[in-house]
$ cat start29.txt   # compact mmCIF, C-alpha atoms and all ligand atoms
# COMPACT_ATOMS: atom_id res chain seq x y z
CA MET I 1 -23.21 144.57 196.28
CA ALA I 2 -24.90 142.01 194.17
CA THR I 3 -22.66 141.37 191.21
CA ARG I 4 -23.01 137.82 190.10
CA ARG I 5 -22.52 135.68 187.12
CA THR I 6 -25.52 133.91 185.72
CA SER I 7 -24.76 131.66 182.85
CA ALA I 8 -28.34 132.05 181.74
CA LYS I 9 -27.52 129.49 179.06
CA THR I 10 -31.03 128.37 178.45
CA ALA I 11 -33.81 130.00 180.36
CA SER I 12 -36.61 127.62 181.19
CA THR I 13 -39.08 127.25 178.35
CA SER I 14 -41.85 126.64 180.88
CA ASN I 15 -42.07 130.41 181.39
CA THR I 16 -43.05 131.07 177.81
CA SER I 17 -46.12 130.59 175.66
CA LYS I 18 -47.02 129.86 172.08
CA ASP I 19 -47.84 133.51 171.44
CA GLU I 20 -44.60 134.71 172.93
CA LEU I 21 -42.47 132.27 170.93
CA LEU I 22 -44.25 133.13 167.70
CA GLY I 23 -43.88 136.83 168.50
CA PHE I 24 -40.13 136.42 169.06
CA TYR I 25 -39.81 134.47 165.83
CA ARG I 26 -41.62 137.16 163.88
CA GLU I 27 -39.73 140.07 165.41
CA MET I 28 -36.29 138.52 164.99
CA LEU I 29 -37.08 137.48 161.44
CA LEU I 30 -38.27 140.99 160.61
CA ILE I 31 -34.90 142.38 161.69
CA ARG I 32 -32.96 139.75 159.76
CA ARG I 33 -34.90 140.12 156.52
CA PHE I 34 -34.87 143.91 156.83
CA GLU I 35 -31.08 143.87 157.22
CA GLU I 36 -30.63 141.49 154.31
CA LYS I 37 -32.69 143.84 152.17
CA ALA I 38 -30.66 146.84 153.37
CA GLY I 39 -27.52 144.94 152.34
CA GLN I 40 -29.00 144.40 148.87
CA LEU I 41 -30.01 148.05 148.48
CA TYR I 42 -26.52 149.07 149.56
CA GLY I 43 -25.06 146.76 146.91
CA MET I 44 -27.33 148.41 144.33
CA GLY I 45 -26.02 151.85 145.28
CA LEU I 46 -29.35 152.96 146.77
CA ILE I 47 -27.85 153.35 150.25
CA GLY I 48 -24.72 155.45 150.60
CA GLY I 49 -22.25 156.10 153.38
CA PHE I 50 -21.83 153.68 156.23
CA CYS I 51 -24.25 150.84 156.90
CA HIS I 52 -23.75 148.52 159.88
CA LEU I 53 -25.96 145.45 159.85
CA TYR I 54 -27.31 143.69 162.94
CA ILE I 55 -27.63 140.19 161.49
CA GLY I 56 -26.86 137.57 164.17
CA GLN I 57 -27.64 139.85 167.13
CA GLU I 58 -31.45 139.89 166.81
CA ALA I 59 -32.19 138.09 170.11
CA VAL I 60 -30.56 140.91 172.11
CA VAL I 61 -33.00 143.68 171.26
CA VAL I 62 -36.02 141.43 170.87
CA GLY I 63 -35.45 139.83 174.31
CA LEU I 64 -34.86 143.16 176.02
CA GLU I 65 -37.82 144.88 174.39
CA ALA I 66 -39.97 142.06 175.79
CA ALA I 67 -38.81 143.14 179.25
CA ALA I 68 -39.53 146.84 178.61
CA GLU I 69 -42.76 148.73 179.20
CA GLU I 70 -44.38 151.57 177.29
CA GLY I 71 -42.48 154.77 177.97
CA ASP I 72 -39.10 153.14 178.62
CA LYS I 73 -36.28 154.62 176.57
CA ARG I 74 -33.48 153.30 174.44
CA VAL I 75 -30.31 154.70 172.94
CA THR I 76 -27.64 152.88 170.96
CA SER I 77 -24.72 153.06 168.55
CA TYR I 78 -24.63 153.20 164.75
CA ARG I 79 -25.63 149.48 164.57
CA ASP I 80 -29.17 150.58 165.20
CA HIS I 81 -31.70 149.27 162.66
CA GLY I 82 -32.64 146.28 164.84
CA HIS I 83 -33.24 148.48 167.87
CA MET I 84 -35.56 150.71 165.89
CA LEU I 85 -37.62 147.85 164.50
CA ALA I 86 -37.78 146.08 167.87
CA CYS I 87 -39.16 149.15 169.65
CA GLY I 88 -41.94 149.51 167.11
CA MET I 89 -40.64 152.06 164.61
CA ASP I 90 -42.02 151.72 161.10
CA PRO I 91 -39.82 149.66 158.72
CA LYS I 92 -40.83 152.03 155.89
CA GLY I 93 -39.52 155.10 157.70
CA VAL I 94 -36.30 153.32 158.66
CA MET I 95 -35.65 152.02 155.13
CA ALA I 96 -36.47 155.41 153.57
CA GLU I 97 -33.95 157.03 155.90
CA LEU I 98 -31.33 154.50 154.83
CA THR I 99 -31.90 155.50 151.21
CA GLY I 100 -31.79 159.21 152.13
CA ARG I 101 -35.41 159.95 151.21
CA GLU I 102 -37.97 162.43 152.45
CA GLY I 103 -40.13 159.65 153.97
CA GLY I 104 -37.34 158.67 156.36
CA TYR I 105 -37.30 159.25 160.11
CA SER I 106 -34.86 162.16 159.73
CA LYS I 107 -36.39 163.32 156.42
CA GLY I 108 -33.52 161.62 154.62
CA LYS I 109 -30.92 163.89 156.17
CA GLY I 110 -29.52 161.53 158.79
CA GLY I 111 -29.10 158.11 157.23
CA SER I 112 -28.37 154.82 158.92
CA MET I 113 -26.66 156.19 162.02
CA HIS I 114 -28.89 159.15 162.81
CA MET I 115 -32.52 158.30 163.39
CA PHE I 116 -34.76 159.23 166.30
CA SER I 117 -38.34 158.67 167.34
CA LYS I 118 -39.87 160.67 170.14
CA GLU I 119 -43.05 158.58 169.91
CA ARG I 120 -41.18 155.30 170.41
CA HIS I 121 -38.67 156.81 172.85
CA PHE I 122 -35.73 155.98 170.62
CA TYR I 123 -32.89 158.46 171.08
CA GLY I 124 -30.49 157.36 168.29
CA GLY I 125 -28.31 156.20 166.47
CA HIS I 126 -24.81 157.53 167.52
CA GLY I 127 -21.73 157.33 165.32
CA ILE I 128 -19.17 158.20 167.99
CA VAL I 129 -18.21 155.02 169.82
CA GLY I 130 -19.46 155.17 173.42
CA ALA I 131 -21.11 158.60 173.08
CA GLN I 132 -24.56 157.17 173.70
CA VAL I 133 -23.63 155.86 177.14
CA PRO I 134 -23.61 159.21 179.00
CA ILE I 135 -26.66 160.24 176.96
CA GLY I 136 -28.42 157.13 178.31
CA ALA I 137 -27.53 158.17 181.85
CA GLY I 138 -28.87 161.65 181.10
CA LEU I 139 -32.19 160.23 179.91
CA ALA I 140 -32.38 158.17 183.11
CA PHE I 141 -31.51 161.25 185.16
CA ALA I 142 -34.50 163.07 183.66
CA ASP I 143 -36.79 160.15 184.46
CA LYS I 144 -35.54 159.93 188.02
CA TYR I 145 -36.04 163.68 188.41
CA LEU I 146 -39.57 163.40 187.06
CA GLY I 147 -40.24 160.34 189.22
CA ASN I 148 -42.04 158.61 186.36
CA GLY I 149 -40.72 155.07 186.96
CA ARG I 150 -39.22 154.78 183.47
CA VAL I 151 -36.05 152.85 182.65
CA THR I 152 -33.46 153.56 179.93
CA PHE I 153 -31.62 150.88 177.96
CA ALA I 154 -28.18 152.19 176.94
CA TYR I 155 -26.68 149.77 174.42
CA PHE I 156 -22.99 149.70 173.48
CA GLY I 157 -20.42 147.29 172.09
CA ASP I 158 -17.48 145.36 173.50
CA GLY I 159 -15.14 147.88 171.86
CA ALA I 160 -17.02 150.82 173.35
CA ALA I 161 -16.70 149.14 176.75
CA ASN I 162 -13.03 150.23 176.73
CA GLN I 163 -13.94 153.92 176.38
CA GLY I 164 -13.25 156.27 179.26
CA GLN I 165 -16.63 157.98 179.16
CA VAL I 166 -18.31 154.67 179.97
CA TYR I 167 -16.58 154.60 183.36
CA GLU I 168 -17.29 158.22 184.17
CA THR I 169 -20.91 157.39 183.42
CA TYR I 170 -20.85 154.29 185.64
CA ASN I 171 -19.66 156.42 188.52
CA MET I 172 -22.31 159.11 188.11
CA ALA I 173 -25.09 156.61 187.42
CA GLN I 174 -24.35 154.64 190.58
CA LEU I 175 -23.82 157.76 192.67
CA TRP I 176 -27.23 159.11 191.62
CA GLU I 177 -28.87 155.66 191.50
CA LEU I 178 -30.11 156.24 187.97
CA PRO I 179 -32.59 153.82 186.38
CA VAL I 180 -30.34 152.86 183.45
CA ILE I 181 -29.49 149.41 182.14
CA PHE I 182 -26.09 149.34 180.51
CA VAL I 183 -26.34 146.70 177.81
CA ILE I 184 -22.95 145.59 176.50
CA GLU I 185 -23.59 143.83 173.20
CA ASN I 186 -20.48 141.67 173.16
CA ASN I 187 -20.41 140.50 169.54
CA GLN I 188 -16.73 139.47 169.94
CA TYR I 189 -15.30 142.12 167.61
CA ALA I 190 -14.73 145.87 167.45
CA MET I 191 -14.26 146.44 163.72
CA GLY I 192 -11.49 143.89 162.99
CA THR I 193 -10.23 143.54 166.55
CA ALA I 194 -11.27 140.47 168.53
CA VAL I 195 -12.09 141.06 172.20
CA LYS I 196 -9.18 138.94 173.34
CA ARG I 197 -6.76 141.19 171.42
CA SER I 198 -8.11 144.39 172.99
CA THR I 199 -9.17 143.40 176.47
CA LYS I 200 -7.24 141.73 179.27
CA SER I 201 -10.13 141.11 181.67
CA PRO I 202 -12.46 138.53 180.13
CA ASN I 203 -15.71 139.72 181.72
CA LEU I 204 -16.72 143.22 180.74
CA TRP I 205 -19.75 143.29 183.03
CA GLU I 206 -17.54 142.70 186.07
CA ARG I 207 -15.94 146.11 185.65
CA GLY I 208 -19.10 147.57 187.17
CA ALA I 209 -17.94 146.08 190.50
CA ALA I 210 -15.42 148.93 190.82
CA TYR I 211 -18.41 151.28 191.07
CA GLY I 212 -20.67 148.92 193.03
CA ILE I 213 -22.91 148.27 190.01
CA ALA I 214 -24.63 144.90 189.82
CA GLY I 215 -24.57 142.94 186.60
CA GLU I 216 -24.38 139.63 184.85
CA GLU I 217 -23.49 137.81 181.66
CA VAL I 218 -26.31 136.61 179.44
CA ASP I 219 -26.51 134.20 176.50
CA GLY I 220 -27.43 136.57 173.71
CA MET I 221 -28.30 133.81 171.27
CA ASP I 222 -31.18 132.71 173.50
CA VAL I 223 -34.01 135.23 173.39
CA LEU I 224 -35.71 133.69 176.44
CA ALA I 225 -32.55 134.05 178.51
CA VAL I 226 -32.20 137.66 177.36
CA LYS I 227 -35.78 138.45 178.31
CA ALA I 228 -35.37 136.84 181.75
CA ALA I 229 -32.18 138.81 182.46
CA GLY I 230 -33.84 141.97 181.14
CA GLU I 231 -36.78 141.55 183.51
CA LYS I 232 -34.39 141.21 186.42
CA ALA I 233 -32.48 144.32 185.40
CA VAL I 234 -35.68 146.31 184.86
CA ALA I 235 -37.03 145.27 188.28
CA HIS I 236 -33.74 146.37 189.86
CA CYS I 237 -33.95 149.80 188.21
CA ARG I 238 -37.64 150.35 188.87
CA ALA I 239 -37.13 149.47 192.54
CA GLY I 240 -34.82 152.49 192.74
CA LYS I 241 -31.66 150.41 193.22
CA GLY I 242 -29.69 152.25 190.55
CA PRO I 243 -28.08 150.99 187.34
CA TYR I 244 -27.52 147.42 186.20
CA ILE I 245 -25.12 145.94 183.63
CA LEU I 246 -26.00 143.17 181.21
CA GLU I 247 -23.17 141.76 179.11
CA VAL I 248 -25.01 139.99 176.36
CA MET I 249 -22.86 137.47 174.51
CA THR I 250 -23.71 137.60 170.83
CA TYR I 251 -22.13 137.47 167.38
CA ARG I 252 -22.41 139.47 164.19
CA TYR I 253 -22.52 137.39 161.03
CA ARG I 254 -21.70 140.18 158.60
CA GLY I 255 -18.70 142.49 158.49
CA HIS I 256 -18.39 145.51 160.75
CA SER I 257 -19.98 147.63 158.01
CA MET I 258 -20.79 146.98 154.38
CA SER I 259 -17.22 147.91 153.41
CA ASP I 260 -15.51 145.36 155.69
CA PRO I 261 -13.57 142.63 153.85
CA ALA I 262 -13.61 140.54 157.09
CA LYS I 263 -10.08 139.21 156.84
CA TYR I 264 -9.70 138.96 160.62
CA ARG I 265 -11.81 135.82 161.03
CA SER I 266 -12.42 132.63 159.11
CA ARG I 267 -15.57 131.75 157.20
CA GLU I 268 -15.66 128.54 159.26
CA GLU I 269 -15.93 130.50 162.50
CA VAL I 270 -18.99 132.37 161.23
CA GLN I 271 -20.51 129.27 159.68
CA LYS I 272 -20.16 127.28 162.91
CA ILE I 273 -22.04 129.87 164.95
CA ARG I 274 -24.74 130.23 162.30
CA GLU I 275 -25.25 126.48 162.28
CA GLU I 276 -25.01 125.77 165.97
CA ARG I 277 -26.10 128.92 167.81
CA ASP I 278 -28.48 130.90 165.61
CA ALA I 279 -31.13 132.60 167.75
CA ILE I 280 -33.90 132.44 165.14
CA GLU I 281 -33.28 128.76 164.46
CA HIS I 282 -33.38 128.14 168.21
CA VAL I 283 -36.85 129.67 168.56
CA ARG I 284 -38.01 127.93 165.40
CA GLU I 285 -37.01 124.59 166.93
CA LEU I 286 -38.82 125.40 170.20
CA ILE I 287 -41.96 126.24 168.22
CA LEU I 288 -41.84 123.04 166.17
CA GLN I 289 -40.88 120.81 169.10
CA GLY I 290 -43.68 122.28 171.23
CA LYS I 291 -46.07 121.82 168.28
CA HIS I 292 -47.02 125.51 168.53
CA ALA I 293 -47.03 125.79 164.74
CA THR I 294 -46.41 123.62 161.70
CA GLU I 295 -43.70 124.13 159.10
CA ASP I 296 -46.38 125.50 156.77
CA GLU I 297 -47.61 128.00 159.36
CA LEU I 298 -44.04 129.21 159.85
CA LYS I 299 -43.67 129.54 156.09
CA ALA I 300 -46.73 131.79 156.11
CA VAL I 301 -45.05 133.98 158.76
CA ASP I 302 -41.88 134.08 156.62
CA LYS I 303 -43.96 135.26 153.67
CA GLU I 304 -45.71 137.93 155.74
CA ILE I 305 -42.35 139.29 156.93
CA LYS I 306 -40.94 139.23 153.40
CA ASP I 307 -43.93 141.28 152.22
CA ILE I 308 -43.45 143.88 154.98
CA VAL I 309 -39.78 144.23 154.05
CA ASN I 310 -40.48 144.43 150.31
CA GLU I 311 -43.11 147.12 150.94
CA ALA I 312 -40.59 149.05 153.03
CA ALA I 313 -38.02 148.83 150.21
CA GLU I 314 -40.59 149.98 147.61
CA PHE I 315 -41.60 152.89 149.83
CA ALA I 316 -37.92 153.79 150.26
CA LYS I 317 -37.28 153.75 146.53
CA GLU I 318 -40.38 155.74 145.65
CA SER I 319 -40.06 158.42 148.31
CA PRO I 320 -38.47 161.59 146.81
CA GLU I 321 -35.10 162.95 147.86
CA PRO I 322 -35.37 165.86 150.30
CA ALA I 323 -35.79 169.30 148.73
CA VAL I 324 -32.70 171.51 148.66
CA ASP I 325 -34.18 174.03 151.12
CA GLU I 326 -34.32 171.23 153.71
CA LEU I 327 -30.59 171.89 154.05
CA TYR I 328 -31.48 174.84 156.25
CA THR I 329 -34.06 173.21 158.51
CA ASP I 330 -33.60 171.13 161.69
CA ILE I 331 -30.22 172.71 162.42
CA TYR I 332 -30.97 174.68 165.55
CA ALA I 333 -33.57 173.83 168.18
CA GLU I 334 -36.52 176.17 168.38
CA LEU I 335 -35.97 177.71 171.80
CA ALA I 336 -39.01 178.61 173.84
CA PRO I 337 -38.77 182.25 175.03
CA GLN I 338 -37.72 182.43 178.70
CA ASN I 339 -39.60 184.76 181.09
CA ALA I 340 -41.24 186.51 178.17
C1 LIG I 401 -14.62 157.69 169.39
C2 LIG I 401 -14.55 156.81 168.17
N1 LIG I 401 -13.43 156.10 167.94
C3 LIG I 401 -13.35 155.28 166.88
C4 LIG I 401 -14.40 155.17 165.99
C5 LIG I 401 -14.32 154.23 164.80
N2 LIG I 401 -15.11 153.01 165.11
C6 LIG I 401 -16.37 152.91 164.65
S1 LIG I 401 -17.08 151.50 165.17
C7 LIG I 401 -15.72 151.00 166.01
C8 LIG I 401 -15.72 149.70 166.73
C9 LIG I 401 -16.67 149.60 167.88
O1 LIG I 401 -16.89 148.26 168.23
P1 LIG I 401 -17.96 147.79 169.27
O2 LIG I 401 -18.10 148.81 170.35
O3 LIG I 401 -17.61 146.41 169.69
O4 LIG I 401 -19.35 147.80 168.48
P2 LIG I 401 -19.82 146.91 167.24
O5 LIG I 401 -19.42 147.64 165.99
O6 LIG I 401 -19.19 145.59 167.38
O7 LIG I 401 -21.31 146.86 167.36
C10 LIG I 401 -14.71 151.94 165.87
C11 LIG I 401 -13.38 151.83 166.49
C12 LIG I 401 -15.55 155.95 166.25
N3 LIG I 401 -16.62 155.90 165.47
N4 LIG I 401 -15.61 156.74 167.36
MG MG I 402 -18.37 144.62 169.04
$ encode --input "start29.txt" --output "C-alpha cells"
Amino acid sequence: MATRRTSAKTASTSNTSKDELLGFYREMLLIRRFEEKAGQLYGMGLIGGFCHLYIGQEAVVVGLEAAAEEGDKRVTSYRDHGHMLACGMDPKGVMAELTGREGGYSKGKGGSMHMFSKERHFYGGHGIVGAQVPIGAGLAFADKYLGNGRVTFAYFGDGAANQGQVYETYNMAQLWELPVIFVIENNQYAMGTAVKRSTKSPNLWERGAAYGIAGEEVDGMDVLAVKAAGEKAVAHCRAGKGPYILEVMTYRYRGHSMSDPAKYRSREEVQKIREERDAIEHVRELILQGKHATEDELKAVDKEIKDIVNEAAEFAKESPEPAVDELYTDIYAELAPQNA
C-alpha cells in the first residue's frame, strides 16, 4: 500500500508557465471577488437563508480543476460556490440562484447549497455534512461500470471527516477500486470547533490506511502544489488503482456562514494567515517575480474580474422571482416507462 506523506510545500515553479500562472490568478480572483459580492448581497438582504463563503480556500478547487479533464465529475458540501465557478459554471446563474431568482441554476428554488449542472458534471451542493461522500463513490461506480475513464472528485471538510458514512464509503470504494478522489478540505474548523478539539489523530488522510487507500497531505495555499498532487491522484484513479485521498491544508477567512460571530478564534490568527499564506498573493508574487506581467497588467485583470462579478450581481438582481406554479415542478423525476 502506498500511503505516504508529501509535504508538497512548494511545488517546483519550473513546471508552470506564464499562461498557467495568469490563469490561476484569474480563476482564484474570480472566486474571491464573487464571494465578496455574495457577502455584500447577503448583507443587503438580497440573499436569504444560509450562505457559506469559500474565501481563503480558492487554491484547492482551482488547483484540482487544473488536474481534471473534460467529463470528470465533482460533488461537494454546502460551501460550494468556488467549486461551481472553478468547473466552468456561469457566475450569473450561480449568483441568481443565491438571490433565489428564475435565472439561477435551480430556477431560484435551491439557493446556495443546492445547485447542479449536468453540462459541467457538478453534482451539488449538499447541506448534510458528509452526505456527498457516498454520492461521490456512486458517481465513480457508474463511471467504472461504463468504463469511460472518468474520475470523480468528492470534496468534504475536516468536520465531515469524522462522519461514519465516510468510512463505509472508503471501504466500498477500495473494495470496488472506484475512480474517486476523496478531497478533505481541512480548513482547520468545523463551524466553531477547531480540528484539535474534535480529532485525536492529527492526519486525517492517514485514516485511509485502515482500508488500504493511498493518500497524502497537500499545501492548500499553494495552487501549484495542489495541481501536482491532483495530477498524481488522477493518474492513480485512471490507472484503475482505486480511490485516493488528498488532505488539502487550507483556511477559511470568513465565518462558517454569514451568521457566524467567529468568537472561537482571534482576528490576529486570521490576519496572520492572510498576510503570510494567501494563495492569490502567492501567485501574484510568482507572476511579478517571473516578469510574466506588470502591476498594470494585473490591475487590468482585476478590473475584468470585477466587471464579470458586477454583471453577475446585476443579472441576479434583475432576474424575476420564480412563478408560484414552479412550486409544483421538479419534485419528482420523470420516469421513463419500463418495458412499454
Ligand atoms: C449530519 C449533519 N450534522 C450537522 C450539521 C450542521 N453542520 C453544518 S456544517 C457543519 C460543520 C462541518 O465542518 P467541515 O466538514 O469542516 O466543513 P467546513 O464548513 O469547514 O467547510 C456542521 C456540524 C449538518 N449540516 N449535517
Ligand atoms: Mg472545516
$ atom_distance --input "start29.txt" --atom1 "CA of Ile273 in chain I" --atom2 "CA of Tyr78 in chain I"
23.5 Å
$ closest_residue --input "start29.txt" --among "I:Met84, I:Leu286, I:Leu46, I:Ala161" --to "Ser198 in chain I" --atoms "only C-alpha atoms"
I:Ala161
$ axis_aligned_box --input "start29.txt" --around "ligand LIG 401 (chain I)" --padding-each-side "4 Å" --output "AutoDock Vina command-line options"
--center_x -17.3 --center_y 151.6 --center_z 167.5 --size_x 16.0 --size_y 20.1 --size_z 13.7
$ residues_near_ligand --input "start29.txt" --ligand "ligand MG 402 (chain I)" --cutoff "10 Å" --atoms "all atoms listed in the file" --output "ChimeraX atom specification"
/I:79,156-161,184-195,250-252,256
$ closest_residue --input "start29.txt" --among "I:Leu22, I:Leu85, I:Asn15, I:Trp176" --to "Thr294 in chain I" --atoms "only C-alpha atoms"
I:Leu22
$ residues_around --input "start29.txt" --residues "Leu21 in chain I" --least-positions-apart "3" --cutoff "10 Å" --atoms "only C-alpha atoms" --output "number ranges by chain"
I: 13, 16-18, 24-27, 223-224, 283-284, 286-287, 292
$ atom_distance --input "start29.txt" --atom1 "CA of Pro243 in chain I" --atom2 "CA of Val180 in chain I"
4.9 Å
$ residues_near_point --input "start29.txt" --point "(-22.2, 156.4, 168.1)" --cutoff "8 Å" --atoms "all atoms listed in the file" --output "ChimeraX atom specification"
/I:76-78,113,125-132
$ closest_residue --input "start29.txt" --among "I:Phe315, I:Trp205, I:Phe34, I:Phe116" --to "Glu58 in chain I" --atoms "only C-alpha atoms"
I:Phe34
$ residues_around --input "start29.txt" --residues "Val183 in chain I" --least-positions-apart "3" --cutoff "8 Å" --atoms "all atoms listed in the file" --output "mmCIF file with C-alpha atoms, keeping the file's coordinate frame"
data_model
loop_
_atom_site.group_PDB
_atom_site.id
_atom_site.type_symbol
_atom_site.label_atom_id
_atom_site.label_comp_id
_atom_site.auth_asym_id
_atom_site.auth_seq_id
_atom_site.Cartn_x
_atom_site.Cartn_y
_atom_site.Cartn_z
ATOM 1 C CA PHE I 153 -31.620 150.880 177.960
ATOM 2 C CA ALA I 154 -28.180 152.190 176.940
ATOM 3 C CA TYR I 155 -26.680 149.770 174.420
ATOM 4 C CA PHE I 156 -22.990 149.700 173.480
ATOM 5 C CA ILE I 245 -25.120 145.940 183.630
ATOM 6 C CA LEU I 246 -26.000 143.170 181.210
ATOM 7 C CA GLU I 247 -23.170 141.760 179.110
ATOM 8 C CA VAL I 248 -25.010 139.990 176.360
#
$ closest_residue --input "start29.txt" --among "I:Ser266, I:Ser257, I:Ser106, I:Gln40" --to "ligand LIG 401 (chain I)" --atoms "all atoms listed in the file"
I:Ser257
$ closest_residue --input "start29.txt" --among "I:Pro261, I:Gly108, I:Gly220, I:Gly212" --to "Lys241 in chain I" --atoms "all atoms listed in the file"
I:Gly212
$ atom_distance --input "start29.txt" --atom1 "atom C7 of ligand LIG 401 (chain I)" --atom2 "CA of Ile55 in chain I"
16.7 Å
$ residues_around --input "start29.txt" --residues "Val234 in chain I" --least-positions-apart "2" --cutoff "10 Å" --atoms "all atoms listed in the file" --output "list in words"
Leu64, Ala67, Ala68, Glu69, Asp72, Arg150, Val151, Thr152, Phe153, Pro179, Val180, Ile181, Ala228, Ala229, Gly230, Glu231, Lys232, His236, Cys237, Arg238, Ala239, Pro243 and Tyr244 of chain I
$ closest_residue --input "start29.txt" --among "I:Asp278, I:Asp260, I:Asp90, I:Glu177" --to "ligand LIG 401 (chain I)" --atoms "all atoms listed in the file"
I:Asp260
$ residues_around --input "start29.txt" --residues "His121 in chain I" --least-positions-apart "3" --cutoff "7 Å" --atoms "all atoms listed in the file" --output "VMD selection string"
chain I and resid 71 to 74 117 to 118
